[in-house]
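A.B. asks: Here you go, protein-v2.txt (compact mmCIF, C-alpha atoms):
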```
# COMPACT_ATOMS: atom_id res chain seq x y z
CA MET A 15 14.35 139.36 -2.58
CA ASP A 16 18.15 139.11 -2.60
CA GLY A 17 17.96 139.38 -6.39
CA LYS A 18 15.28 136.69 -6.83
CA THR A 19 11.94 137.69 -8.33
CA VAL A 20 8.84 136.67 -6.37
CA GLN A 21 6.66 136.68 -9.47
CA GLY A 22 5.01 133.28 -9.78
CA MET A 23 5.75 132.33 -6.16
CA THR A 24 3.11 131.50 -3.61
CA GLN A 25 2.83 133.74 -0.56
CA ASP A 26 4.37 131.03 1.63
CA GLU A 27 7.33 130.69 -0.72
CA ALA A 28 7.94 134.45 -0.72
CA VAL A 29 7.67 134.63 3.07
CA GLY A 30 10.10 131.72 3.30
CA LEU A 31 12.69 133.78 1.41
CA MET A 32 12.28 136.64 3.84
CA ARG A 33 12.73 134.50 6.93
CA GLY A 34 16.14 133.61 8.32
CA GLU A 35 18.39 133.78 11.35
CA VAL A 36 17.95 136.73 13.68
CA GLY A 37 20.49 139.46 12.87
CA THR A 38 20.99 138.49 9.23
CA LYS A 39 19.95 140.84 6.45
CA VAL A 40 17.68 140.55 3.42
CA LYS A 41 17.57 142.96 0.48
CA ILE A 42 14.13 143.69 -0.97
CA THR A 43 13.69 145.43 -4.31
CA VAL A 44 10.32 147.03 -4.94
CA LEU A 45 8.71 148.32 -8.12
CA ARG A 46 6.28 151.08 -7.16
CA GLU A 47 3.63 152.79 -9.25
CA GLY A 48 4.66 156.31 -10.17
CA VAL A 49 8.38 155.66 -9.51
CA SER A 50 10.56 155.03 -12.57
CA GLU A 51 13.40 153.14 -10.85
CA PRO A 52 13.31 150.13 -8.49
CA ILE A 53 13.65 150.93 -4.78
CA ASP A 54 15.99 148.88 -2.60
CA PHE A 55 15.43 148.19 1.12
CA GLU A 56 17.86 146.31 3.34
CA LEU A 57 16.10 144.74 6.35
CA THR A 58 17.65 143.15 9.41
CA ARG A 59 15.83 140.01 10.50
CA ALA A 60 14.53 140.00 14.08
CA VAL A 61 11.84 138.51 16.27
CA ILE A 62 8.91 140.89 16.03
CA SER A 63 6.84 141.08 19.19
CA MET A 64 3.37 142.40 18.38
CA ARG A 65 1.51 144.31 21.06
CA ALA A 66 -2.18 143.53 20.87
CA VAL A 67 -3.25 146.72 22.66
CA ARG A 68 -1.89 150.26 22.60
CA TRP A 69 -3.42 153.14 24.50
CA SER A 70 -3.24 156.91 24.51
CA MET A 71 -5.12 159.85 25.98
CA GLU A 72 -7.08 162.46 24.05
CA GLY A 73 -7.44 164.92 26.87
CA ASP A 74 -9.43 163.06 29.54
CA VAL A 75 -10.63 160.40 27.07
CA ALA A 76 -8.76 157.08 26.91
CA VAL A 77 -8.25 155.47 23.51
CA LEU A 78 -7.59 151.71 23.43
CA ARG A 79 -6.45 150.43 20.06
CA LEU A 80 -6.90 146.66 19.76
CA ALA A 81 -5.00 145.45 16.69
CA ARG A 82 -6.08 141.81 16.67
CA PHE A 83 -7.57 139.15 18.94
CA SER A 84 -4.42 137.23 19.80
CA GLU A 85 -3.76 135.48 23.13
CA GLN A 86 -2.73 138.89 24.49
CA ALA A 87 -5.96 140.74 23.66
CA PHE A 88 -7.75 140.59 27.02
CA VAL A 89 -4.52 140.82 29.03
CA GLY A 90 -3.62 143.88 26.95
CA ILE A 91 -6.96 145.54 27.70
CA GLU A 92 -6.57 144.72 31.40
CA ARG A 93 -3.04 146.16 31.56
CA ALA A 94 -4.00 149.24 29.57
CA VAL A 95 -6.85 150.04 31.97
CA GLU A 96 -4.51 149.52 34.92
CA ASP A 97 -1.90 151.86 33.39
CA ILE A 98 -4.51 154.52 32.62
CA TYR A 99 -5.80 154.56 36.18
CA GLU A 100 -2.24 154.58 37.55
CA GLU A 101 -1.29 157.54 35.35
CA ARG A 102 -4.42 159.38 36.46
CA GLU A 103 -3.82 158.53 40.15
CA GLY A 104 -6.95 156.41 40.40
CA VAL A 105 -9.28 158.84 38.63
CA ALA A 106 -11.45 157.25 35.93
CA PRO A 107 -11.18 158.65 32.40
CA LYS A 108 -14.09 160.73 31.14
CA GLY A 109 -14.77 157.98 28.63
CA ILE A 110 -13.14 155.11 26.73
CA ILE A 111 -12.86 154.71 22.97
CA LEU A 112 -12.27 151.09 21.91
CA ASP A 113 -10.77 151.22 18.44
CA LEU A 114 -11.50 148.02 16.48
CA ARG A 115 -11.00 149.49 13.02
CA ASN A 116 -9.16 147.21 10.58
CA ASN A 117 -8.97 144.55 13.28
CA PRO A 118 -9.28 141.27 11.30
CA GLY A 119 -10.35 139.20 14.31
CA GLY A 120 -8.66 136.15 15.78
CA LEU A 121 -9.54 133.99 18.76
CA VAL A 122 -13.21 133.73 19.69
CA ASP A 123 -12.46 133.15 23.37
CA GLN A 124 -10.54 136.45 23.44
CA SER A 125 -13.51 138.28 21.91
CA VAL A 126 -15.66 136.90 24.73
CA LEU A 127 -13.14 138.00 27.37
CA VAL A 128 -12.80 141.49 25.86
CA SER A 129 -16.59 141.88 25.77
CA ASP A 130 -16.74 140.61 29.35
CA ALA A 131 -14.36 143.42 30.36
CA PHE A 132 -17.25 145.85 29.76
CA LEU A 133 -20.25 143.61 30.57
CA ASP A 134 -21.30 142.00 33.84
CA ARG A 135 -23.93 139.61 32.50
CA GLY A 136 -25.77 138.31 29.44
CA ALA A 137 -24.84 136.61 26.19
CA VAL A 138 -21.82 137.77 24.23
CA VAL A 139 -22.20 135.66 21.10
CA LEU A 140 -24.29 132.75 19.87
CA THR A 141 -23.05 130.15 17.41
CA ARG A 142 -25.53 128.14 15.41
CA GLY A 143 -24.73 125.13 13.22
CA ARG A 144 -26.62 122.36 11.48
CA THR A 145 -26.98 120.33 14.68
CA ASP A 146 -27.37 121.16 18.36
CA ASN A 147 -23.80 119.95 18.94
CA ASP A 148 -22.56 122.70 16.64
CA SER A 149 -24.44 125.41 18.52
CA ASP A 150 -23.25 127.23 21.61
CA ARG A 151 -23.66 130.35 23.71
CA TYR A 152 -20.94 132.38 25.39
CA ASP A 153 -21.84 134.59 28.36
CA ALA A 154 -20.31 137.45 30.32
CA GLY A 155 -20.12 137.48 34.10
CA PRO A 156 -19.35 139.97 36.86
CA ASP A 157 -15.68 140.61 37.64
CA PRO A 158 -13.50 143.41 39.12
CA LEU A 159 -12.68 144.90 35.69
CA ASP A 160 -16.24 145.46 34.48
CA ALA A 161 -17.15 146.73 37.97
CA ARG A 162 -14.36 149.30 37.69
CA LEU A 163 -15.48 150.41 34.22
CA LYS A 164 -19.24 150.23 34.86
CA ASP A 165 -19.83 153.99 34.91
CA VAL A 166 -17.26 154.93 32.27
CA PRO A 167 -18.94 155.82 28.93
CA LEU A 168 -17.81 153.68 26.00
CA VAL A 169 -17.59 154.34 22.26
CA VAL A 170 -16.47 151.61 19.82
CA LEU A 171 -14.94 152.50 16.45
CA ILE A 172 -15.50 150.08 13.54
CA ASN A 173 -15.01 150.17 9.78
CA GLY A 174 -14.94 147.91 6.73
CA GLY A 175 -11.84 146.16 8.02
CA SER A 176 -13.37 145.16 11.36
CA ALA A 177 -14.06 141.45 11.03
CA SER A 178 -14.93 138.26 12.88
CA ALA A 179 -14.01 138.63 16.58
CA SER A 180 -14.18 142.43 16.22
CA GLU A 181 -17.77 142.09 15.06
CA ILE A 182 -18.58 139.80 17.98
CA VAL A 183 -17.39 142.44 20.46
CA ALA A 184 -19.05 145.34 18.63
CA GLY A 185 -22.35 143.46 18.27
CA ALA A 186 -22.41 142.38 21.92
CA LEU A 187 -21.69 145.87 23.29
CA GLN A 188 -24.24 147.37 20.90
CA ASP A 189 -26.99 144.88 21.76
CA HIS A 190 -26.46 145.30 25.51
CA LYS A 191 -26.59 149.11 25.14
CA ARG A 192 -23.14 149.31 26.73
CA ALA A 193 -21.48 151.22 23.91
CA THR A 194 -22.24 153.51 21.00
CA LEU A 195 -20.73 152.32 17.72
CA VAL A 196 -19.18 154.98 15.47
CA GLY A 197 -17.68 154.62 11.99
CA THR A 198 -18.74 152.56 8.99
CA ARG A 199 -20.25 149.08 8.53
CA SER A 200 -18.02 146.15 9.45
CA PHE A 201 -16.75 143.35 7.16
CA GLY A 202 -19.41 140.69 7.79
CA LYS A 203 -17.32 137.60 8.57
CA GLY A 204 -19.86 135.68 10.62
CA SER A 205 -18.88 132.04 10.14
CA VAL A 206 -17.13 129.53 12.40
CA GLN A 207 -14.38 127.29 11.02
CA SER A 208 -13.38 123.95 12.53
CA ILE A 209 -10.05 122.26 11.78
CA ILE A 210 -10.39 118.56 10.95
CA SER A 211 -7.19 116.53 10.95
CA LEU A 212 -6.43 114.50 7.84
CA GLY A 213 -3.48 112.73 9.45
CA PRO A 214 0.12 113.81 9.96
CA ASP A 215 0.40 115.58 6.62
CA GLY A 216 -2.60 117.89 6.56
CA ALA A 217 -5.94 119.16 7.76
CA MET A 218 -9.18 120.54 6.37
CA ARG A 219 -10.85 123.74 7.50
CA LEU A 220 -14.61 123.35 7.39
CA THR A 221 -17.27 125.96 8.08
CA THR A 222 -19.53 124.47 10.77
CA ALA A 223 -21.57 127.33 12.26
CA ARG A 224 -22.46 131.00 12.08
CA TYR A 225 -22.10 133.84 14.59
CA TYR A 226 -25.13 135.68 15.98
CA THR A 227 -25.21 138.68 18.30
CA PRO A 228 -27.06 138.48 21.65
CA ASN A 229 -30.19 139.87 19.95
CA ASN A 230 -30.02 137.04 17.41
CA ARG A 231 -28.67 139.17 14.56
CA SER A 232 -26.61 137.29 12.01
CA ILE A 233 -23.23 138.83 11.22
CA GLN A 234 -22.57 136.79 8.06
CA ALA A 235 -22.27 138.85 4.84
CA LEU A 236 -24.08 141.76 6.48
CA GLY A 237 -21.76 142.95 9.22
CA ILE A 238 -22.47 145.30 12.09
CA THR A 239 -23.95 148.71 11.31
CA PRO A 240 -22.69 151.56 13.52
CA ASP A 241 -25.14 153.60 15.57
CA ILE A 242 -23.58 156.75 14.11
CA GLU A 243 -22.06 156.65 10.64
CA VAL A 244 -19.02 158.89 10.36
CA LEU A 245 -16.99 158.94 7.14
CA GLN A 246 -13.30 159.74 6.95
CA VAL A 247 -11.94 162.51 4.77
CA VAL A 248 -10.09 160.33 2.26
CA PRO A 249 -7.09 161.81 0.40
CA GLU A 250 -7.58 162.15 -3.32
CA GLU A 251 -4.99 159.46 -4.14
CA PHE A 252 -6.95 156.87 -2.12
CA GLN A 253 -10.46 157.82 -3.16
CA GLY A 254 -12.27 154.92 -4.81
CA ARG A 255 -9.72 152.45 -3.46
CA ASP A 256 -10.52 152.79 0.27
CA GLU A 257 -13.80 150.84 0.21
CA ILE A 258 -14.52 147.11 0.27
CA ILE A 259 -17.87 145.34 0.14
CA GLY A 260 -16.62 142.81 2.68
CA GLU A 261 -17.64 139.16 3.05
CA ALA A 262 -20.59 139.62 0.68
CA GLY A 263 -18.16 140.54 -2.07
CA LEU A 264 -16.18 137.29 -1.80
CA GLU A 265 -16.85 134.52 -4.28
CA GLY A 266 -18.40 131.47 -2.63
CA HIS A 267 -19.40 133.22 0.59
CA ILE A 268 -22.16 131.67 2.71
CA VAL A 269 -25.58 132.97 1.70
CA ILE A 270 -28.34 133.00 4.32
CA GLU A 271 -31.74 132.66 2.72
CA GLY A 272 -33.98 135.64 3.35
CA GLN A 273 -31.20 137.74 4.93
CA GLU A 274 -30.03 141.08 3.62
CA GLU A 275 -26.41 141.35 2.46
CA SER A 276 -24.00 144.23 2.05
CA THR A 277 -24.16 145.68 -1.45
CA VAL A 278 -22.07 148.84 -1.12
CA GLY A 279 -18.52 149.40 0.03
CA SER A 280 -17.34 150.36 3.49
CA SER A 281 -14.18 152.40 3.94
CA VAL A 282 -11.05 150.96 5.57
CA TYR A 283 -9.07 154.21 5.54
CA VAL A 284 -7.66 155.43 8.86
CA PRO A 285 -5.27 158.43 8.89
CA VAL A 286 -1.96 158.06 10.68
CA ASP A 287 -2.32 161.51 12.23
CA THR A 288 -4.96 161.33 14.98
CA ALA A 289 -5.75 165.02 14.48
CA GLU A 290 -6.98 164.15 10.96
CA ASP A 291 -8.91 161.07 12.12
CA THR A 292 -12.50 162.22 11.65
CA GLN A 293 -14.04 159.17 13.34
CA LEU A 294 -11.76 159.31 16.39
CA GLN A 295 -12.16 163.05 16.86
CA TYR A 296 -15.96 162.77 16.54
CA ALA A 297 -15.96 160.10 19.27
CA VAL A 298 -13.84 162.33 21.51
CA ARG A 299 -16.19 165.27 21.00
CA LEU A 300 -19.17 162.99 21.65
CA ILE A 301 -17.78 161.93 25.03
CA ASN A 302 -16.82 165.52 25.89
CA GLY A 303 -20.34 166.74 25.09
CA GLU A 304 -19.22 168.87 22.14
CA GLU A 305 -21.29 166.68 19.79
CA THR A 306 -24.76 165.36 20.52
CA ASN A 307 -26.58 162.40 19.07
CA ALA A 308 -29.60 160.40 20.18
CA ALA A 309 -27.47 157.23 20.06
CA TYR A 310 -25.10 158.52 22.75
CA PRO A 311 -25.35 157.49 25.43
CA PRO A 312 -27.19 154.34 24.26
CA PRO A 313 -30.89 154.66 25.14
CA GLN A 314 -31.79 152.19 27.89
CA GLU A 315 -35.00 150.20 27.56
```
Output the file's structure in the form of structure tokens.
C.D. replies:
Amino acid sequence: MDGKTVQGMTQDEAVGLMRGEVGTKVKITVLREGVSEPIDFELTRAVISMRAVRWSMEGDVAVLRLARFSEQAFVGIERAVEDIYEEREGVAPKGIILDLRNNPGGLVDQSVLVSDAFLDRGAVVLTRGRTDNDSDRYDAGPDPLDARLKDVPLVVLINGGSASASEIVAGALQDHKRATLVGTRSFGKGSVQSIISLGPDGAMRLTTARYYTPNNRSIQALGITPDIEVLQVVPEEFQGRDEIIGEAGLEGHIVIEGQEESTVGSSVYVPVDTAEDTQLQYAVRLINGEETNAAYPPPQE
């Protein structure tokens, strides 16, 4: 960066070099596999505003892409639904696809609110720690948004990059039979971290509890298994590098005695071109009735 090598730097140190006053420039030189000469990029510094939710239409099917569970997650879902109905002059979409692929998670309270957007009652997630004080239950309740969406079919897309809060939402909607999950197994990050202050100069992050779905399924190191597994067509140059084992593959991960863990990889590849997105197009066909599966719509007990 600006002629300084980042080799040997920590991530924070490298990011610090990139940051600066808005409008100033930074030159980044990249060595790339398969390219003989370094590549130079000149970037103009700016404040980057990240949209938590983007939406599009695949015919009469609405696709909501939730990138991460920031403070704007639920508000983004709410606004997207409002915009979709406004564009369609009050007519409900034929179905909704909630895309949580490669969503790394974020705020637990936002995962509860997003789940609540599609549920009118029942548990969303359970947390269980060593003591009763470390355990909790978060519930959904009736509101105008879930009443509006009550009869709209829902498909949730997940993959190996869907973690933490994404798994809370996917597990809750799956357990309540509100949505059909399509894709590949999720990451398996099912632990709760608490920040303990160590004074003005630091803090310690300590794992204090684990996440469980409404049906008391542990997420930790196992993840959420989709109702319908659909694999992407991975380009040759990415084959073998598109899969991760997830939480179970991390050194020092929490092991739950007697519980199964992930032992094989789950793909994180998502094509840029929606026409080549096998998982998305399968979900669209499922909602349109062009594909059939016993898991869609979710069988009610």
A.B. asks: Report the distance between atom CA of A:Gly204 and atom CA of A:Glu85 in Å, rounded to one decimal place.
C.D. replies: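 Here the two named atoms are 20.4 Å from each other.
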A.B. asks: Which residue gives the smallest distance to A:Arg82 among A:Ile62, A:Ile233, A:Val282, A:Ala177, with only C-alpha atoms counted?
C.D. replies: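 Closest candidate: A:Ala177.
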A.B. asks: Atom CA of A:Met15 and atom CA of A:Glu47, how far apart in Å?
C.D. replies: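 Distance between the two atoms: 18.4 Å.
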A.B. asks: Would you compute the distance between atom CA of A:Thr198 and atom CA of A:Glu305? Give it in Å to one decimal.
C.D. replies: 18.0 Å
A.B. asks: Once you add 8 Å to each side, what are the centre and edge lengths of the axis-aligned box holding all listed atoms of stretch 32-43 of chain A? One decimal in Å, as JSON, if you can.
C.D. replies:
```
{"center_x": 16.6, "center_y": 139.5, "center_z": 4.7, "size_x": 24.7, "size_y": 27.8, "size_z": 34.0}
```
A.B. asks: Find the residue from A:Tyr296, A:Tyr152, A:Phe252, A:Phe88 that sits nearest to A:Pro228; use only C-alpha atoms when measuring.
C.D. replies: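 Closest to A:Pro228, using only C-alpha atoms: A:Tyr152.
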A.B. asks: What's the 12 Å shell around A:Gln234, counting only C-alpha atoms, without same-chain residues fewer than 6 positions away, as an MDAnalysis selection string?
C.D. replies: chainID A and resid 141:142 177:178 181:182 200:206 223:227 260:264 267:271 273:276
A.B. asks: Please identify all polymer residues within 8 Å of A:Phe132, counting only C-alpha atoms, omitting same-chain residues fewer than 3 positions from it, and present them as a PyMOL selection string.
C.D. replies: chain A and resi 128-129+159-160+163-164+187+192
A.B. asks: Go ahead and find all residues with at least one atom no further than 8 Å from (-5.5, 151.8, 26.9) in the file's coordinates, using all atoms listed in the file; report them as JSON, numbers by chain.
C.D. replies: {"A": [67, 68, 69, 70, 76, 77, 78, 79, 91, 93, 94, 95, 97, 98]}
A.B. asks: The selected residues should be written to file as a CSV table (one decimal), in the frame of the given file (atoms: C-alpha atoms).
C.D. replies:
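What ended up in result.csv:
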```
chain,number,residue,atom,x,y,z
A,67,VAL,CA,-3.2,146.7,22.7
A,68,ARG,CA,-1.9,150.3,22.6
A,69,TRP,CA,-3.4,153.1,24.5
A,70,SER,CA,-3.2,156.9,24.5
A,76,ALA,CA,-8.8,157.1,26.9
A,77,VAL,CA,-8.2,155.5,23.5
A,78,LEU,CA,-7.6,151.7,23.4
A,79,ARG,CA,-6.4,150.4,20.1
A,91,ILE,CA,-7.0,145.5,27.7
A,93,ARG,CA,-3.0,146.2,31.6
A,94,ALA,CA,-4.0,149.2,29.6
A,95,VAL,CA,-6.8,150.0,32.0
A,97,ASP,CA,-1.9,151.9,33.4
A,98,ILE,CA,-4.5,154.5,32.6
```
A.B. asks: Counting all atoms listed in the file, I want the residues whose atoms come within 7 Å of (-23.6, 155.9, 22.5) in the file frame, returned as JSON, numbers by chain.
C.D. replies: {"A": [169, 193, 194, 195, 309, 310, 311, 312]}
A.B. asks: Tell me, as a PyMOL selection string, which residues lie within 8 Å of A:Tyr283, counting all atoms listed in the file; anything in the same chain fewer than 2 positions away does not count.
C.D. replies: chain A and resi 246+248+256-257+281+285
A.B. asks: So, counting all atoms listed in the file, which residue among A:Pro313, A:Gly17, A:Gly237, A:Gly272 is closest to A:Val44?
C.D. replies: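 Closest to A:Val44 of all the choices is A:Gly17.
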A.B. asks: Which residue is closest to A:Ile242? Choose from A:Val278, A:Ile259, A:Leu112, A:Val170 and count only C-alpha atoms.
C.D. replies: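 Smallest distance to A:Ile242 is found for A:Val170.
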A.B. asks: Tell me which of A:Leu212, A:Glu92, A:Val247, A:Thr222 sits closest to A:Asp146, counting only C-alpha atoms.
C.D. replies: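 Among A:Leu212, A:Glu92, A:Val247, A:Thr222, it is A:Thr222 that comes nearest to A:Asp146.
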A.B. asks: Of the candidates A:Thr19, A:Arg231, A:Glu27, A:Glu100, which shows the shortest atom-to-atom distance to A:Leu45, using all atoms listed in the file?
C.D. replies: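 Closest candidate: A:Thr19.
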A.B. asks: For A:Val122, find every residue with an atom within 8 Å (counting all atoms listed in the file), except residues of its own chain fewer than 4 positions away, and show them as an NGL selection string.
C.D. replies: :A and (83 or 126 or 179)
